[in-house]
Amino acid sequence: MNTQSTISARGLNLTFQTNDGPVHALKDVDLDIMKGDFVSFIGPSGCGKTTFLRCVAALETPTSGTISVNGIAPDEARRNRAYGYVFQAAGLYPWRTIGGNIRLPLEIMGFSRSEQTERVERVLELVDLEGFDGKYPWQLSGGMQQRASIARALAFDADILLMDEPFGALDEIVRDHLNEQLLKLWARTEKTIGFVTHSIPEAVYLSTRIVVMSPRPGRITDVIESPLPKERPLDLRESPEFLEVAHRVREGLRAGHSYD
Amino acid sequence: MTRTLLPVLTMLGALVVLWYLAVAPMNIRVALDQAERAGADVVPEGSVARRDVSVWRLMAQNGEHIRAGYDLNRPRLPTPAQVGQELWKTTGEMAMKGRAWSKRSLIYHGWITLKSTLWGFLLGTTLGIIGAVAIVYSRVADMSLMPWAIISQTIPIVALAPMIIVLSSQIGVEERGLPKAIISAYLCYFPVLVGMVKGLRAPEVSQLDLLRTYDASGVQSFLKLRLPASVPYLFTSLKVGIAAALVGTIVGELPTGAISGLGARILIGDQFGTPLAIWSALFAAAILAGLLVTLLDLAQRIALRRMGATP
């Protein structure tokens with residue numbers, strides 16, 4: 001049963017020292033993400049949603065508080081290949097083919113040649129890019145590139161997928177399509193997903209839980225459990241339940257927004 | 001290809017025309033001296049008297065002797081055709097007679113220069129790349145090495161070259177190839193260093209972060225990300241570097257009695273008052289540089305195509 005928390009943060013604080021004085025990126029963040037959850041982080045720029053994800057990935061070190069991933073420290077979890085990370089920019093290496101890009105983490109982690117080939121084939125199928133392994137990134141559209149970068153994050157079978165505004169730079173039509181695909185992928189692979197976004201519909205459509213954050217200092221203002229069913233066709237977004245959740249997210253964002 | 005060919009040829013044609021036009025004023029005094037000696041009427045008489053008259057007036061007053069300036073044995077400024085003939089005489093013609101390795105052949109001297117250039121290029125490129133890696137990976141090297149690298153390029157190489165030659169003979173290096181290669185490397189390492197620093201720093205933060213999420217080692221991120229990302233920058237620097245290496249070698253051949261190499265030919269041509277020899281050695285050097293840069297350009301195209309560059 002999904003009672004064990006995969007990611008757990010307690011009293012997490014992170015302060016950056018800048019030339020304009022300290023910036024409180026995260027303040028007293030408490031959060032538990034359960035196994036198999038799809039958790040979205042939403043909020044305006046500077047609310048610490050990306051910073052939180054980076055703390056989970058051990059790309060940032062918190063100033064105080066504790067955070068654990070699979071019950072251990074984030075950097076240790078990283079060594080255990082606990083997560084795959086998808087950045088906003090697909091960041092595929094232009095000198096490697098799509099297959100070569102997906103092979104990159106596998107080479108670094110020391111998988112055998114035959115296993116690399118087999119895994120590349122499997123994850124390409126997972127993101128609907130069969131037959132593209134010999135193509136170079138410039139031969140693919142932006143949406144396809146981002147799918148390839150998701151495949152790259154899936155290749156080494158991490159249980160957690162951390163996605164930092166992966167579809168932020170894509171147009172809405174492509175975005176809808178990728179959201180739908182991502183849900184199918186999530187259903188098939190049963191990963192735990194942490195997803196940073198700016199878009200309310202995207203957050204509501206994808207998530208089992210929505211974490212609403214606000215800036216200065218970056219903190220959590222609301223955590224919303226989604227009542228939506230696991231099976232989600234695109235037209236679910238016109239249903240009253242969907243609009244109600246979206247409304248609550250919007251309220252949460254407004255409440256946390258203090259302009260001074 | 002044809003798109004770039006036309007502008008290049010137009011430019012070349014304009015230069016040749018300009019050159020031919022320049023020959024007349026440049027050679028008029030020599031031409032008049034020669035004509036006077038042969039008994040022709042020249043205004044004013046006597047080369048001493050002509051010294052104070054501008055070339056334009058001399059040309060206006062002695063129109064019939066301008067032509068002679070295009071056919072002198074020792075012209076101040078040879079015509080392109082004369083340079084071409086001299087170049088052919090000292091390369092192709094000698095090679096056909098089986099005397100390519102004669103001391104009078106520019107093929108021989110070009111080879112001497114090329115050898116030093118390649119050694120200097122190898123040395124300079126290696127130093128440049130090692131320096132760039134040090135600068136990118138060490139803050140100390142970045143702060144200590146980079147200013148010195150920049151200062152090193154402000155010292156005129158003509159001042160430094162004789163010192164390097166004298167010093168290397170002091171420590172018992174009699175072979176001239178080594179000091180020449182050092183001078184050549186001195187000029188060539190800098191563009192490689194600067195280009196490689198830029199290239200190795202080309203990857204974005206997110207690309208480096210991505211490798212951190214794989215828990216990649218420093219060596220892995222160097223080999224898999226920084227090095228391949230720097231390849232386009234490397235080739236651009238190499239092209240600048242090899243031209244600089246050639247200049248360095250020629251400068252190294254100028255001082256203190258070198259007898260072989262294109263630089264020595266230029267110096268000897270100057271000392272013996274044979275501008276034709278200077279010009280043909282100069283063109284030999286230019287052709288050599290052109291060939292070397294073209295070769296590197298070709299290597300770049302092949303390498304980048306293999307790395308999946310947009311055609």
# chains A, B, ... in the order shown; residues from 1 in each chain; ligands from 1
>>> interface_residues(of="chain A", to="chain B", cutoff="7 Å", atoms="only C-alpha atoms", output="mmCIF file with N, CA and C atoms, in the first residue's frame")
data_model
loop_
_atom_site.group_PDB
_atom_site.id
_atom_site.type_symbol
_atom_site.label_atom_id
_atom_site.label_comp_id
_atom_site.auth_asym_id
_atom_site.auth_seq_id
_atom_site.Cartn_x
_atom_site.Cartn_y
_atom_site.Cartn_z
ATOM 1 N N ALA A 57 17.011 16.442 -5.706
ATOM 2 C CA ALA A 57 18.004 15.851 -6.604
ATOM 3 C C ALA A 57 19.432 16.038 -6.090
ATOM 4 N N ARG A 78 20.995 9.665 -4.982
ATOM 5 C CA ARG A 78 21.456 9.883 -6.347
ATOM 6 C C ARG A 78 22.417 8.787 -6.776
ATOM 7 N N ARG A 79 23.324 8.443 -5.858
ATOM 8 C CA ARG A 79 24.273 7.377 -6.199
ATOM 9 C C ARG A 79 23.552 6.056 -6.448
ATOM 10 N N TYR A 85 15.984 13.116 -14.009
ATOM 11 C CA TYR A 85 15.644 14.539 -13.965
ATOM 12 C C TYR A 85 15.420 15.047 -15.380
ATOM 13 N N GLY A 91 17.961 19.782 -23.780
ATOM 14 C CA GLY A 91 19.389 19.638 -23.502
ATOM 15 C C GLY A 91 20.007 18.386 -24.088
ATOM 16 N N PRO A 94 23.900 17.828 -29.245
ATOM 17 C CA PRO A 94 23.702 17.888 -30.705
ATOM 18 C C PRO A 94 24.624 16.931 -31.459
ATOM 19 N N TRP A 95 25.728 16.520 -30.839
ATOM 20 C CA TRP A 95 26.667 15.645 -31.545
ATOM 21 C C TRP A 95 26.338 14.171 -31.339
ATOM 22 N N ARG A 96 25.274 13.887 -30.570
ATOM 23 C CA ARG A 96 24.870 12.499 -30.397
ATOM 24 C C ARG A 96 23.504 12.284 -31.049
ATOM 25 N N PRO A 105 23.397 8.381 -20.052
ATOM 26 C CA PRO A 105 23.426 7.966 -18.645
ATOM 27 C C PRO A 105 23.827 6.496 -18.493
ATOM 28 N N ILE A 108 27.538 6.226 -18.614
ATOM 29 C CA ILE A 108 28.146 6.732 -17.385
ATOM 30 C C ILE A 108 27.949 5.744 -16.240
ATOM 31 N N TYR A 136 19.456 12.789 -35.538
ATOM 32 C CA TYR A 136 20.092 13.791 -34.678
ATOM 33 C C TYR A 136 19.028 14.746 -34.134
#
>>> select_by_dssp(residues="segment 57-271 of chain B", states="alpha helix (DSSP H)", output="MDAnalysis selection string")
chainID B and resid 57:61 80:90 92:96 106:137 139:152 157:170 177:200 205:213 218:221 227:253 262:271
>>> closest_residue(among="B:Gln271, B:Thr2, B:Thr117, B:Ser280", to="Val251 of chain B", atoms="only C-alpha atoms")
B:Thr117
>>> residues_around(residues="Arg209 of chain A", least_positions_apart="5", cutoff="7 Å", atoms="only C-alpha atoms", output="number ranges by chain")
A: 38-40, 223-226
>>> write_last_selection(atoms="C-alpha atoms", output="short mmCIF file (atom, residue, chain, number, x, y, z; two decimals), in the first residue's frame")
data_model
loop_
_atom_site.label_atom_id
_atom_site.label_comp_id
_atom_site.auth_asym_id
_atom_site.auth_seq_id
_atom_site.Cartn_x
_atom_site.Cartn_y
_atom_site.Cartn_z
CA PHE A 38 2.05 12.57 -9.22
CA VAL A 39 2.80 15.80 -7.40
CA SER A 40 2.78 19.17 -9.13
CA VAL A 223 -1.61 21.20 -0.68
CA ILE A 224 -4.60 20.01 -2.67
CA GLU A 225 -5.59 16.36 -2.98
CA SER A 226 -7.14 15.92 -6.38
#
>>> residues_around(residues="Leu122 of chain B", least_positions_apart="5", cutoff="10 Å", atoms="only C-alpha atoms", output="MDAnalysis selection string")
chainID B and resid 116:117 127:128 181 184:185 188:189 242 245
>>> write_last_selection(atoms="all heavy atoms", output="PDB file, in the first residue's frame")
ATOM      1  N   SER B 116      59.292  23.060 -39.316  1.00  0.00           N
ATOM      2  CA  SER B 116      59.300  23.828 -38.067  1.00  0.00           C
ATOM      3  C   SER B 116      57.903  24.278 -37.680  1.00  0.00           C
ATOM      4  O   SER B 116      57.534  24.257 -36.507  1.00  0.00           O
ATOM      5  CB  SER B 116      60.184  25.060 -38.210  1.00  0.00           C
ATOM      6  OG  SER B 116      61.505  24.738 -37.911  1.00  0.00           O
ATOM      7  N   THR B 117      57.129  24.674 -38.697  1.00  0.00           N
ATOM      8  CA  THR B 117      55.767  25.129 -38.427  1.00  0.00           C
ATOM      9  C   THR B 117      54.948  24.018 -37.790  1.00  0.00           C
ATOM     10  O   THR B 117      54.254  24.232 -36.796  1.00  0.00           O
ATOM     11  CB  THR B 117      55.085  25.576 -39.732  1.00  0.00           C
ATOM     12  OG1 THR B 117      55.863  26.612 -40.321  1.00  0.00           O
ATOM     13  CG2 THR B 117      53.682  26.089 -39.476  1.00  0.00           C
ATOM     14  N   LEU B 127      50.242  22.742 -25.692  1.00  0.00           N
ATOM     15  CA  LEU B 127      50.317  23.651 -24.543  1.00  0.00           C
ATOM     16  C   LEU B 127      49.008  24.418 -24.377  1.00  0.00           C
ATOM     17  O   LEU B 127      48.510  24.582 -23.261  1.00  0.00           O
ATOM     18  CB  LEU B 127      51.475  24.637 -24.724  1.00  0.00           C
ATOM     19  CG  LEU B 127      52.864  24.056 -24.541  1.00  0.00           C
ATOM     20  CD1 LEU B 127      53.926  25.111 -24.834  1.00  0.00           C
ATOM     21  CD2 LEU B 127      53.031  23.508 -23.123  1.00  0.00           C
ATOM     22  N   GLY B 128      48.447  24.879 -25.497  1.00  0.00           N
ATOM     23  CA  GLY B 128      47.200  25.645 -25.441  1.00  0.00           C
ATOM     24  C   GLY B 128      46.075  24.826 -24.841  1.00  0.00           C
ATOM     25  O   GLY B 128      45.323  25.311 -23.993  1.00  0.00           O
ATOM     26  N   ALA B 181      60.808  26.217 -33.711  1.00  0.00           N
ATOM     27  CA  ALA B 181      59.547  25.611 -33.294  1.00  0.00           C
ATOM     28  C   ALA B 181      59.023  26.276 -32.020  1.00  0.00           C
ATOM     29  O   ALA B 181      57.813  26.453 -31.856  1.00  0.00           O
ATOM     30  CB  ALA B 181      59.723  24.108 -33.085  1.00  0.00           C
ATOM     31  N   SER B 184      57.539  29.576 -32.960  1.00  0.00           N
ATOM     32  CA  SER B 184      56.290  29.297 -33.648  1.00  0.00           C
ATOM     33  C   SER B 184      55.202  28.893 -32.647  1.00  0.00           C
ATOM     34  O   SER B 184      54.063  29.358 -32.722  1.00  0.00           O
ATOM     35  CB  SER B 184      56.588  28.214 -34.675  1.00  0.00           C
ATOM     36  OG  SER B 184      55.465  27.503 -34.992  1.00  0.00           O
ATOM     37  N   ALA B 185      55.574  28.056 -31.681  1.00  0.00           N
ATOM     38  CA  ALA B 185      54.612  27.622 -30.662  1.00  0.00           C
ATOM     39  C   ALA B 185      54.159  28.802 -29.802  1.00  0.00           C
ATOM     40  O   ALA B 185      53.015  28.870 -29.368  1.00  0.00           O
ATOM     41  CB  ALA B 185      55.233  26.542 -29.781  1.00  0.00           C
ATOM     42  N   CYS B 188      51.466  30.425 -31.538  1.00  0.00           N
ATOM     43  CA  CYS B 188      50.332  29.583 -31.918  1.00  0.00           C
ATOM     44  C   CYS B 188      49.520  29.107 -30.714  1.00  0.00           C
ATOM     45  O   CYS B 188      48.326  28.843 -30.840  1.00  0.00           O
ATOM     46  CB  CYS B 188      50.871  28.425 -32.750  1.00  0.00           C
ATOM     47  SG  CYS B 188      50.099  26.880 -32.539  1.00  0.00           S
ATOM     48  N   TYR B 189      50.139  29.051 -29.513  1.00  0.00           N
ATOM     49  CA  TYR B 189      49.391  28.497 -28.382  1.00  0.00           C
ATOM     50  C   TYR B 189      48.235  29.400 -27.962  1.00  0.00           C
ATOM     51  O   TYR B 189      47.200  28.942 -27.507  1.00  0.00           O
ATOM     52  CB  TYR B 189      50.320  28.220 -27.198  1.00  0.00           C
ATOM     53  CG  TYR B 189      50.487  29.396 -26.255  1.00  0.00           C
ATOM     54  CD1 TYR B 189      49.717  29.489 -25.107  1.00  0.00           C
ATOM     55  CD2 TYR B 189      51.390  30.414 -26.514  1.00  0.00           C
ATOM     56  CE1 TYR B 189      49.848  30.569 -24.248  1.00  0.00           C
ATOM     57  CE2 TYR B 189      51.520  31.489 -25.666  1.00  0.00           C
ATOM     58  CZ  TYR B 189      50.741  31.569 -24.536  1.00  0.00           C
ATOM     59  OH  TYR B 189      50.866  32.643 -23.715  1.00  0.00           O
ATOM     60  N   ILE B 242      47.524  27.729 -36.839  1.00  0.00           N
ATOM     61  CA  ILE B 242      48.523  27.246 -37.797  1.00  0.00           C
ATOM     62  C   ILE B 242      49.075  28.404 -38.618  1.00  0.00           C
ATOM     63  O   ILE B 242      50.268  28.442 -38.938  1.00  0.00           O
ATOM     64  CB  ILE B 242      47.976  26.114 -38.693  1.00  0.00           C
ATOM     65  CG1 ILE B 242      49.144  25.410 -39.396  1.00  0.00           C
ATOM     66  CG2 ILE B 242      47.011  26.636 -39.748  1.00  0.00           C
ATOM     67  CD1 ILE B 242      49.154  23.952 -39.270  1.00  0.00           C
ATOM     68  N   ALA B 245      51.527  30.000 -36.402  1.00  0.00           N
ATOM     69  CA  ALA B 245      52.721  29.168 -36.287  1.00  0.00           C
ATOM     70  C   ALA B 245      53.644  29.396 -37.481  1.00  0.00           C
ATOM     71  O   ALA B 245      54.872  29.460 -37.337  1.00  0.00           O
ATOM     72  CB  ALA B 245      52.329  27.694 -36.193  1.00  0.00           C
TER      73      ALA B 245
END
>>> closest_residue(among="A:Ile42, A:Leu140, A:Tyr93, A:Ile210", to="Arg226 of chain B", atoms="only C-alpha atoms")
A:Tyr93
>>> select_by_dssp(residues="segment 5-233 of chain A", states="strand (DSSP E or B)", output="number ranges by chain")
A: 5-18, 21-34, 38-42, 64-69, 72, 83-86, 160-164, 192-197, 209-214, 219-225
>>> residues_around(residues="Arg219 of chain A", least_positions_apart="5", cutoff="7 Å", atoms="only C-alpha atoms", output="MDAnalysis selection string")
chainID A and resid 26:29 47 213:214
>>> atom_distance(atom1="atom CA of Phe132 of chain A", atom2="atom CA of Ile98 of chain A")
6.7 Å
